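Data block for input.csv (CSV, C-alpha atoms):
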chain,number,residue,atom,x,y,z
Y,1,MET,CA,-41.2,40.7,-56.2
Y,2,ASP,CA,-38.5,40.4,-53.6
Y,3,GLN,CA,-35.1,39.5,-54.9
Y,4,ILE,CA,-32.2,37.8,-53.1
Y,5,TYR,CA,-28.8,38.1,-54.6
Y,6,LEU,CA,-26.3,35.3,-54.2
Y,7,PRO,CA,-22.7,35.3,-55.5
Y,8,LYS,CA,-22.4,33.4,-58.8
Y,9,ASN,CA,-19.8,31.0,-57.8
Y,10,ARG,CA,-20.9,29.1,-54.7
Y,11,PHE,CA,-19.8,25.7,-53.6
Y,12,GLY,CA,-22.8,23.3,-53.6
Y,13,LEU,CA,-25.2,25.8,-55.2
Y,14,SER,CA,-25.2,25.6,-59.0
Y,15,VAL,CA,-27.2,27.9,-61.3
Y,16,GLY,CA,-30.9,27.0,-61.4
Y,17,SER,CA,-30.9,25.2,-58.0
Y,18,HIS,CA,-34.0,25.4,-55.9
Y,19,VAL,CA,-33.4,27.0,-52.6
Y,20,LEU,CA,-35.4,27.5,-49.4
Y,21,ILE,CA,-35.2,31.0,-47.9
Y,22,LYS,CA,-35.9,31.1,-44.2
Y,23,GLU,CA,-35.7,33.9,-41.7
Y,24,ALA,CA,-32.7,33.6,-39.4
Y,25,ARG,CA,-33.7,33.6,-35.7
Y,26,PHE,CA,-30.8,34.2,-33.4
Y,27,LYS,CA,-31.1,32.2,-30.2
Y,28,ASP,CA,-30.2,34.2,-27.1
Y,29,GLU,CA,-26.7,33.2,-26.3
Y,30,GLU,CA,-26.5,32.1,-22.7
Y,31,LYS,CA,-24.1,34.4,-20.8
Y,32,LEU,CA,-22.1,32.6,-18.1
Y,33,ILE,CA,-20.7,34.3,-15.1
Y,34,PHE,CA,-17.0,33.5,-14.5
Y,35,TYR,CA,-15.5,34.3,-11.1
Y,36,ASN,CA,-11.8,34.1,-10.5
Y,37,ILE,CA,-11.2,31.8,-13.5
Y,38,ARG,CA,-8.2,32.8,-15.5
Y,39,LYS,CA,-8.2,30.1,-18.1
Y,40,ILE,CA,-10.5,27.3,-19.0
Y,41,GLU,CA,-10.7,24.8,-21.9
Y,42,ARG,CA,-13.4,25.6,-24.5
Y,43,ILE,CA,-14.8,22.1,-24.3
Y,44,LYS,CA,-15.6,22.7,-20.6
Y,45,ILE,CA,-17.6,25.9,-21.5
Y,46,ILE,CA,-19.6,23.9,-24.0
Y,47,ILE,CA,-20.3,21.3,-21.3
Y,48,VAL,CA,-21.4,23.9,-18.8
Y,49,LYS,CA,-23.7,25.6,-21.4
Y,50,GLU,CA,-25.2,22.2,-22.3
Y,51,LEU,CA,-25.7,21.5,-18.6
Y,52,PHE,CA,-27.4,24.8,-17.9
Y,53,ASN,CA,-29.6,24.2,-20.8
Y,54,MET,CA,-30.5,20.7,-19.6
Y,55,LEU,CA,-31.4,22.0,-16.1
Y,56,LYS,CA,-33.4,25.0,-17.4
Y,57,LYS,CA,-36.7,23.1,-16.9
Y,58,TYR,CA,-36.1,22.8,-13.1
Y,59,SER,CA,-36.1,26.6,-12.7
Y,60,PHE,CA,-33.3,26.8,-10.2
Y,61,ASP,CA,-32.6,30.2,-8.7
Y,62,ASN,CA,-29.0,29.7,-9.6
Y,63,ILE,CA,-26.6,27.0,-10.7
Y,64,ILE,CA,-22.9,27.1,-9.7
Y,65,ILE,CA,-20.2,24.9,-11.1
Y,66,THR,CA,-17.1,24.6,-8.9
Y,67,GLY,CA,-14.3,22.2,-7.9
Y,68,SER,CA,-11.7,20.3,-9.9
Y,69,PHE,CA,-13.7,20.5,-13.1
Y,70,LEU,CA,-12.6,24.1,-13.4
Y,71,ASP,CA,-8.9,23.3,-12.9
Y,72,SER,CA,-6.7,23.2,-15.9
Y,73,GLY,CA,-6.6,19.9,-17.7
Y,74,PHE,CA,-8.9,16.9,-17.5
Y,75,ASN,CA,-8.0,15.3,-14.2
Y,76,PHE,CA,-11.4,15.8,-12.6
Y,77,ASN,CA,-13.3,12.8,-11.3
Y,78,ASP,CA,-16.7,14.5,-11.2
Y,79,ILE,CA,-18.3,17.8,-11.6
Y,80,ASP,CA,-19.5,19.7,-8.5
Y,81,ILE,CA,-22.8,21.4,-9.1
Y,82,ILE,CA,-24.5,23.6,-6.5
Y,83,LEU,CA,-28.2,23.9,-7.3
Y,84,ILE,CA,-29.9,26.8,-5.5
Y,85,LYS,CA,-33.6,26.4,-4.9
Y,86,ASN,CA,-35.9,26.9,-1.9
Y,87,LYS,CA,-37.9,23.8,-2.7
Y,88,GLU,CA,-37.2,20.1,-2.7
Y,89,VAL,CA,-36.2,18.5,-6.1
Y,90,ASN,CA,-35.6,14.9,-7.0
Y,91,ILE,CA,-31.8,15.0,-7.0
Y,92,ASN,CA,-31.4,11.4,-8.2
Y,93,LYS,CA,-33.4,12.0,-11.3
Y,94,ILE,CA,-31.2,15.0,-12.2
Y,95,LYS,CA,-28.1,13.0,-11.4
Y,96,ASN,CA,-29.0,10.2,-13.8
Y,97,GLU,CA,-30.0,12.7,-16.4
Y,98,VAL,CA,-26.7,14.6,-16.3
Y,99,LYS,CA,-24.7,11.3,-16.2
Y,100,GLU,CA,-26.6,9.9,-19.2
Y,101,ASN,CA,-26.4,13.0,-21.3
Y,102,LEU,CA,-22.9,14.3,-20.5
Y,103,GLY,CA,-21.2,11.1,-19.4
Y,104,ILE,CA,-19.8,12.8,-16.3
Y,105,ASP,CA,-20.5,11.9,-12.7
Y,106,PRO,CA,-22.1,14.9,-11.1
Y,107,HIS,CA,-21.9,15.7,-7.4
Y,108,LEU,CA,-25.0,17.7,-6.8
Y,109,ILE,CA,-25.6,19.9,-3.8
Y,110,LEU,CA,-29.2,21.1,-3.6
Y,111,ILE,CA,-29.3,24.0,-1.2
Y,112,ASP,CA,-31.4,27.1,-0.5
Y,113,SER,CA,-29.7,30.5,-0.7
Y,114,LYS,CA,-29.8,31.1,3.0
Y,115,SER,CA,-28.2,27.7,3.8
Y,116,LEU,CA,-25.6,28.3,1.2
Y,117,LEU,CA,-24.6,31.6,2.8
Y,118,LYS,CA,-24.5,29.9,6.1
Y,119,GLY,CA,-22.3,27.1,4.6
Y,120,ILE,CA,-19.8,29.7,3.3
Y,121,SER,CA,-19.6,31.4,6.7
Y,122,ILE,CA,-18.9,28.1,8.6
Y,123,ASP,CA,-17.3,25.7,6.2
Y,124,PRO,CA,-13.9,26.2,4.7
Y,125,LEU,CA,-14.7,23.7,2.0
Y,126,PHE,CA,-17.5,25.8,0.7
Y,127,GLN,CA,-15.2,28.8,0.9
Y,128,THR,CA,-12.5,27.3,-1.2
Y,129,MET,CA,-15.2,25.8,-3.6
Y,130,LEU,CA,-16.6,29.2,-4.2
Y,131,SER,CA,-13.4,31.1,-4.5
Y,132,SER,CA,-13.7,30.3,-8.2
Y,133,TYR,CA,-16.8,29.2,-10.1
Y,134,ILE,CA,-18.9,29.5,-13.2
Y,135,SER,CA,-22.5,30.3,-12.6
Y,136,LYS,CA,-25.8,31.0,-14.4
Y,137,LYS,CA,-26.4,34.2,-12.6
Y,138,ARG,CA,-24.2,36.6,-10.7
Y,139,PHE,CA,-23.6,35.3,-7.1
Y,140,ILE,CA,-22.3,37.8,-4.6
Y,141,TYR,CA,-21.8,37.1,-1.0
Y,142,HIS,CA,-20.6,39.0,2.0
Y,143,VAL,CA,-20.6,36.8,5.0
Y,144,LYS,CA,-18.7,36.8,8.3
Y,145,PRO,CA,-16.7,33.7,9.3
Y,146,GLU,CA,-18.3,31.7,12.0
Y,147,ILE,CA,-16.4,28.9,13.7
Y,148,LYS,CA,-18.5,25.8,14.4
Y,149,TYR,CA,-16.1,23.4,16.0
Y,150,LYS,CA,-18.2,20.2,15.7
Y,151,LEU,CA,-18.6,20.7,12.0
Y,152,LEU,CA,-14.9,21.3,11.6
Y,153,ASP,CA,-14.3,18.1,13.6
Y,154,LEU,CA,-16.5,16.2,11.1
Y,155,SER,CA,-14.7,17.8,8.1
Y,156,LEU,CA,-11.3,17.0,9.5
Y,157,LEU,CA,-12.1,13.4,10.0
Y,158,LYS,CA,-11.4,12.3,6.5
Y,159,SER,CA,-7.9,13.7,6.6
Y,160,ASN,CA,-7.2,11.3,9.4
Y,161,LEU,CA,-7.0,8.5,6.7
Y,162,LEU,CA,-3.9,9.9,4.9
Y,163,THR,CA,-1.2,8.6,7.2
Y,164,GLU,CA,-2.6,5.1,7.5
Y,165,ASN,CA,-3.3,4.8,3.8
Y,166,PHE,CA,-0.3,6.7,2.5
Y,167,ASP,CA,1.1,3.8,0.5
Y,168,ILE,CA,-2.1,3.0,-1.4
Y,169,LEU,CA,-3.4,6.5,-2.0
Y,170,ALA,CA,-2.9,8.2,-5.4
Y,171,GLY,CA,-1.2,11.6,-5.4
Y,172,SER,CA,-4.5,13.3,-6.2
Y,173,GLN,CA,-6.2,11.6,-3.2
Y,174,LYS,CA,-3.4,12.7,-1.0
Y,175,LEU,CA,-3.7,16.3,-2.3
Y,176,ASP,CA,-7.4,16.2,-1.5
Y,177,LEU,CA,-6.9,15.1,2.1
Y,178,LEU,CA,-4.0,17.6,2.5
Y,179,ARG,CA,-6.0,20.5,1.1
Y,180,ASN,CA,-8.9,19.6,3.5
Y,181,LEU,CA,-6.5,19.7,6.5
Y,182,VAL,CA,-4.8,22.9,5.5
Y,183,SER,CA,-8.1,24.7,4.7
Y,184,ILE,CA,-9.4,23.9,8.2
Y,185,HIS,CA,-6.2,24.8,9.8
Y,186,ILE,CA,-6.1,28.3,8.1
Y,187,PHE,CA,-9.8,28.9,8.9
Y,188,ILE,CA,-9.5,28.0,12.5
Y,189,THR,CA,-6.3,29.9,13.1
Y,190,LYS,CA,-6.9,33.0,11.0
Y,191,LYS,CA,-10.7,33.1,11.4
Y,192,HIS,CA,-11.4,34.6,8.0
Y,193,ILE,CA,-13.1,33.4,4.8
Y,194,ILE,CA,-10.4,31.5,3.0
Y,195,THR,CA,-9.6,31.1,-0.7
Y,196,LYS,CA,-8.1,28.2,-2.7
Y,197,GLU,CA,-5.0,30.3,-3.6
Y,198,GLU,CA,-4.4,30.9,0.1
Y,199,VAL,CA,-4.6,27.2,0.8
Y,200,TYR,CA,-2.1,26.3,-2.0
Y,201,GLU,CA,0.3,29.0,-0.7
Y,202,LYS,CA,0.2,27.6,2.8
Y,203,ILE,CA,0.8,24.1,1.6
Y,204,LYS,CA,3.9,25.3,-0.3
Y,205,GLU,CA,5.0,27.2,2.8
Y,206,ILE,CA,4.8,24.1,5.0
Y,207,PHE,CA,5.8,21.3,2.6
Y,208,GLY,CA,8.1,23.1,0.1
Y,209,ASN,CA,7.8,24.5,-3.4
Y,210,ASP,CA,8.0,21.1,-5.1
Y,211,ILE,CA,5.1,19.6,-3.1
Y,212,PHE,CA,2.6,19.7,-6.0
Y,213,ASP,CA,5.1,18.1,-8.4
Y,214,ASN,CA,5.8,15.4,-5.8
Y,215,LEU,CA,2.1,14.8,-5.2
Y,216,ARG,CA,1.4,14.7,-9.0
Y,217,ASN,CA,4.1,12.1,-9.5
Y,218,ASN,CA,3.4,10.4,-6.1
Y,219,THR,CA,7.1,10.8,-5.2
Y,220,LEU,CA,6.8,12.2,-1.7
Y,221,ASN,CA,9.4,11.6,1.0
Y,222,LYS,CA,7.0,9.6,3.2
Y,223,LYS,CA,8.8,10.1,6.5
Y,224,ASP,CA,9.3,13.8,6.1
Y,225,PHE,CA,5.8,14.4,4.7
Y,226,ILE,CA,4.0,12.4,7.5
Y,227,LYS,CA,6.0,14.2,10.2
Y,228,LYS,CA,4.8,17.6,9.0
Y,229,TYR,CA,1.4,16.4,8.2
Y,230,ASN,CA,0.8,14.8,11.6
Y,231,SER,CA,2.1,17.9,13.3
Y,232,ILE,CA,-0.4,20.2,11.6
Y,233,TYR,CA,-3.2,17.6,12.0
Y,234,ASN,CA,-2.7,17.2,15.7
Y,235,LYS,CA,-2.5,21.0,16.3
Y,236,THR,CA,-5.7,21.5,14.3
Y,237,LEU,CA,-7.6,18.7,16.1
Y,238,GLU,CA,-6.4,20.1,19.5
Y,239,ILE,CA,-7.8,23.6,18.6
Y,240,ILE,CA,-11.1,22.0,17.5
Y,241,LEU,CA,-11.6,19.9,20.6
Y,242,ASN,CA,-10.7,22.8,22.9
Y,243,GLY,CA,-13.2,24.9,20.9
Y,244,VAL,CA,-15.9,22.2,21.5
Y,245,LYS,CA,-15.1,22.3,25.2
Y,246,ASN,CA,-15.3,26.1,25.4
Y,247,GLU,CA,-18.4,26.2,23.3
Y,248,SER,CA,-20.3,23.9,25.7
Y,249,LYS,CA,-19.3,25.9,28.8
Q,1,MET,CA,0.9,-13.8,2.2
Q,2,ASN,CA,-0.5,-13.9,5.7
Q,3,GLN,CA,1.4,-10.7,6.6
Q,4,ASN,CA,-0.3,-9.1,3.6
Q,5,ARG,CA,-3.7,-10.3,4.7
Q,6,ASN,CA,-3.2,-8.9,8.2
Q,7,LYS,CA,-2.1,-5.6,6.8
Q,8,LEU,CA,-5.2,-5.5,4.6
Q,9,LEU,CA,-7.4,-6.3,7.7
Q,10,ASP,CA,-5.7,-3.5,9.6
Q,11,LEU,CA,-6.3,-1.0,6.8
Q,12,PHE,CA,-9.9,-2.2,6.4
Q,13,ILE,CA,-10.4,-1.8,10.2
Q,14,GLY,CA,-8.9,1.7,10.2
Q,15,ASN,CA,-11.1,2.9,7.3
Q,16,LEU,CA,-14.3,1.4,8.6
Q,17,SER,CA,-13.7,2.8,12.0
Q,18,ASN,CA,-13.5,6.2,10.4
Q,19,VAL,CA,-16.8,5.6,8.6
Q,20,VAL,CA,-18.6,4.6,11.9
Q,21,ILE,CA,-17.1,7.7,13.7
Q,22,HIS,CA,-18.2,9.9,10.8
Q,23,LYS,CA,-21.7,8.5,10.9
Q,24,ILE,CA,-22.1,9.0,14.7
Q,25,LEU,CA,-20.6,12.6,14.6
Q,26,GLU,CA,-22.8,13.4,11.6
Q,27,ASN,CA,-25.9,12.3,13.6
Q,28,ALA,CA,-24.7,14.6,16.4
Q,29,VAL,CA,-25.0,17.6,14.1
Q,30,LYS,CA,-28.5,18.9,14.1
Q,31,ASP,CA,-28.6,21.0,10.9
Q,32,LYS,CA,-29.9,18.7,8.1
Q,33,ASN,CA,-28.7,20.9,5.2
Q,34,ILE,CA,-25.2,21.0,6.5
Q,35,ARG,CA,-25.2,17.3,7.3
Q,36,SER,CA,-26.0,16.5,3.7
Q,37,ARG,CA,-22.8,18.2,2.6
Q,38,TYR,CA,-20.8,15.5,4.3
Q,39,GLU,CA,-22.4,12.6,2.6
Q,40,LYS,CA,-19.9,12.7,-0.2
Q,41,GLU,CA,-17.0,12.3,2.3
Q,42,LEU,CA,-18.8,9.4,4.0
Q,43,ILE,CA,-19.4,7.7,0.6
Q,44,SER,CA,-15.7,7.9,-0.3
Q,45,SER,CA,-14.6,6.5,3.1
Q,46,VAL,CA,-17.0,3.5,2.5
Q,47,GLU,CA,-15.5,3.1,-1.0
Q,48,ILE,CA,-12.0,3.0,0.3
Q,49,ALA,CA,-13.1,0.4,2.9
Q,50,LEU,CA,-14.8,-1.6,0.1
Q,51,ASN,CA,-11.5,-1.6,-1.9
Q,52,TYR,CA,-9.8,-3.3,1.0
Q,53,ARG,CA,-12.6,-5.7,1.6
Q,54,ASN,CA,-12.4,-6.8,-2.0
Q,55,LYS,CA,-8.8,-7.8,-1.5
Q,56,ILE,CA,-9.5,-10.0,1.6
Q,57,ASN,CA,-10.4,-13.6,1.0
Q,58,PRO,CA,-13.0,-15.0,0.9
Q,59,ILE,CA,-14.2,-12.1,-1.3
Q,60,ASN,CA,-17.8,-13.2,-2.2
Q,61,THR,CA,-18.9,-14.8,1.0
Q,62,LYS,CA,-18.8,-13.7,4.6
Q,63,LEU,CA,-15.5,-13.9,6.5
Q,64,GLN,CA,-14.7,-16.6,9.1
Q,65,GLU,CA,-16.0,-16.1,12.6
Q,66,LYS,CA,-12.5,-15.5,14.0
Q,67,ASP,CA,-11.9,-12.6,11.5
Q,68,ILE,CA,-15.3,-11.2,12.2
Q,69,ASN,CA,-14.8,-11.1,15.9
Q,70,HIS,CA,-11.3,-9.6,15.4
Q,71,ILE,CA,-12.6,-6.8,13.1
Q,72,LYS,CA,-15.6,-6.0,15.3
Q,73,ASP,CA,-13.5,-5.9,18.5
Q,74,LYS,CA,-10.9,-3.6,17.1
Q,75,ILE,CA,-13.4,-1.3,15.4
Q,76,VAL,CA,-15.6,-0.9,18.5
Q,77,LYS,CA,-12.5,-0.2,20.7
Q,78,LYS,CA,-11.1,2.3,18.2
Q,79,VAL,CA,-14.4,4.1,17.7
Q,80,LYS,CA,-15.2,4.2,21.4
Q,81,SER,CA,-11.8,5.6,22.2
Q,82,GLU,CA,-12.1,8.4,19.5
Q,83,LEU,CA,-15.6,9.3,20.6
Q,84,LYS,CA,-14.8,9.2,24.3
Q,85,SER,CA,-12.0,11.7,23.8
Q,86,ARG,CA,-14.7,14.0,22.4
Q,87,ILE,CA,-17.2,13.3,25.1
Q,88,ASN,CA,-14.5,14.2,27.6
Q,89,LYS,CA,-14.4,17.6,25.9
Q,90,ASN,CA,-18.1,18.0,26.6
Q,91,TYR,CA,-19.1,17.0,23.1
Q,92,LYS,CA,-22.9,16.5,23.3
Q,93,ASN,CA,-25.3,14.2,21.4
Q,94,ILE,CA,-22.7,11.4,20.8
Q,95,ASP,CA,-24.6,8.1,20.9
Q,96,LEU,CA,-22.2,5.4,22.0
Q,97,ASN,CA,-25.0,2.9,22.0
Q,98,SER,CA,-25.4,3.2,18.3
Q,99,ILE,CA,-21.8,2.0,17.4
Q,100,GLU,CA,-22.7,-1.7,17.1
Q,101,THR,CA,-25.8,-1.2,15.0
Q,102,ILE,CA,-24.1,1.2,12.6
Q,103,LEU,CA,-21.1,-1.1,12.4
Q,104,ASP,CA,-23.2,-4.2,11.7
Q,105,ASN,CA,-25.0,-2.4,9.0
Q,106,TYR,CA,-21.8,-1.6,7.2
Q,107,LEU,CA,-20.3,-5.0,7.8
Q,108,LYS,CA,-23.4,-6.5,6.1
Q,109,LYS,CA,-23.0,-4.1,3.2
Q,110,LEU,CA,-19.4,-5.0,2.8
Q,111,LYS,CA,-20.1,-8.8,2.9
Q,112,VAL,CA,-18.1,-9.3,6.1
Q,113,ILE,CA,-21.0,-10.8,8.0
What would you get if you wrote out this structure as structure tokens?
Amino acid sequence: MDQIYLPKNRFGLSVGSHVLIKEARFKDEEKLIFYNIRKIERIKIIIVKELFNMLKKYSFDNIIITGSFLDSGFNFNDIDIILIKNKEVNINKIKNEVKENLGIDPHLILIDSKSLLKGISIDPLFQTMLSSYISKKRFIYHVKPEIKYKLLDLSLLKSNLLTENFDILAGSQKLDLLRNLVSIHIFITKKHIITKEEVYEKIKEIFGNDIFDNLRNNTLNKKDFIKKYNSIYNKTLEIILNGVKNESK
Amino acid sequence: MNQNRNKLLDLFIGNLSNVVIHKILENAVKDKNIRSRYEKELISSVEIALNYRNKINPINTKLQEKDINHIKDKIVKKVKSELKSRINKNYKNIDLNSIETILDNYLKKLKVI
């Protein structure tokens, strides 16, 4: 007869109690890939694991979590999820499922791996997004920057709204538009794959070291800020439109 | 009060102009996969415009004919001017004829007409 020894004094298990003995099966712990993430709250890791588990049935080639969700704190509005697959999938169904189960608004980008690599080579937003991420599988890319002026024009357009709407935009919205402008500016002038850190450094260089505090507290000096902002916006747009002109020659 | 309303109308016009320009430039980009990336931006521009619309009386019914004409005129002029500056730089596939159809579509969605 097999015997199992238990310590005599156990909380909740008195002498003579009936017990059920069951083989312990250890579930394979999902290993996440962290890229360029120095610190992240434990609760976010639990959310990501839950998310990956929920999306397992769709058999994506890879799932990449990026964006403000990975920034320190809980100031994110949504969670950016890049779903890599070479086939069409019903995105709305997944969106509703994630929202219902996790209570977070997902922004889903369904893309095949070839288009994702293309996106990284031409779009500074993809570049900054993927300068830090959590993914299901390792994701390595070596792409050369490619300047597509019409796409940059489209990307720049939203930053056009900052000046006009300055008084009503929250600090985080201003930061979003500023980050967009500066990302495009660096990409178009330096012509290399950019990183989020590089963008933040450039913002500090142009607008001063206290820019992020001022944006956070929405205490910017409007006149001074708009002057610098418009200057960089106009320079960037000019380079883009000249680029479009040269491209079509 | 009236000054506030005019300011709100101007902000609404500015934001909706951006939405229409965005839609037309988006249509000029051929790559479907890349285009879909910009949908988020378009949606947030429409949301900002909606915020302004919800502050302009009457909120639940269409605006007065005078306001509608003012909004349409200003948006069409602004969009045309922005797009023409691009056409002058040899920007291809920009469809100026689609401005009014796209604009009307958004004005209906935002309960302006």
So which one's closest to Q:Ile113, Q:Ile56, Q:Val19, Q:Leu63, Q:Ile48? Using only C-alpha atoms, please.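 Of all the options, Q:Leu63 lies closest to Q:Ile113.
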Residues of chain Y within 8 Å of chain Q, counting only C-alpha atoms, what are they? List them as a PyMOL selection string. chain Y and resi 109+111+115+119+150-151+154-155+157-158+161+164-165+241-242+244-245+248
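Interatomic distance, atom CA of Y:Phe34 against atom CA of Y:Leu110: 20.5 Å.
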Length of the atom CA of Y:Val182 to atom CA of Y:Ile239 vector [Å]: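 Going from atom CA of Y:Val182 over to atom CA of Y:Ile239, I get 13.5 Å.
Nearest residue to Q:Val46 among Q:Leu16, Q:Asn105, Q:Leu8, Q:Ile59 is Q:Leu16, counting all atoms listed in the file.
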For Y:Ile81: contacts at 12 Å, all atoms listed in the file, fewer than 3 positions along chain excluded, given as a ChimeraX atom specification: /Y:48,51-52,55,60,62-70,78,84,91,94-95,98,104-111,126,129-130,133-136
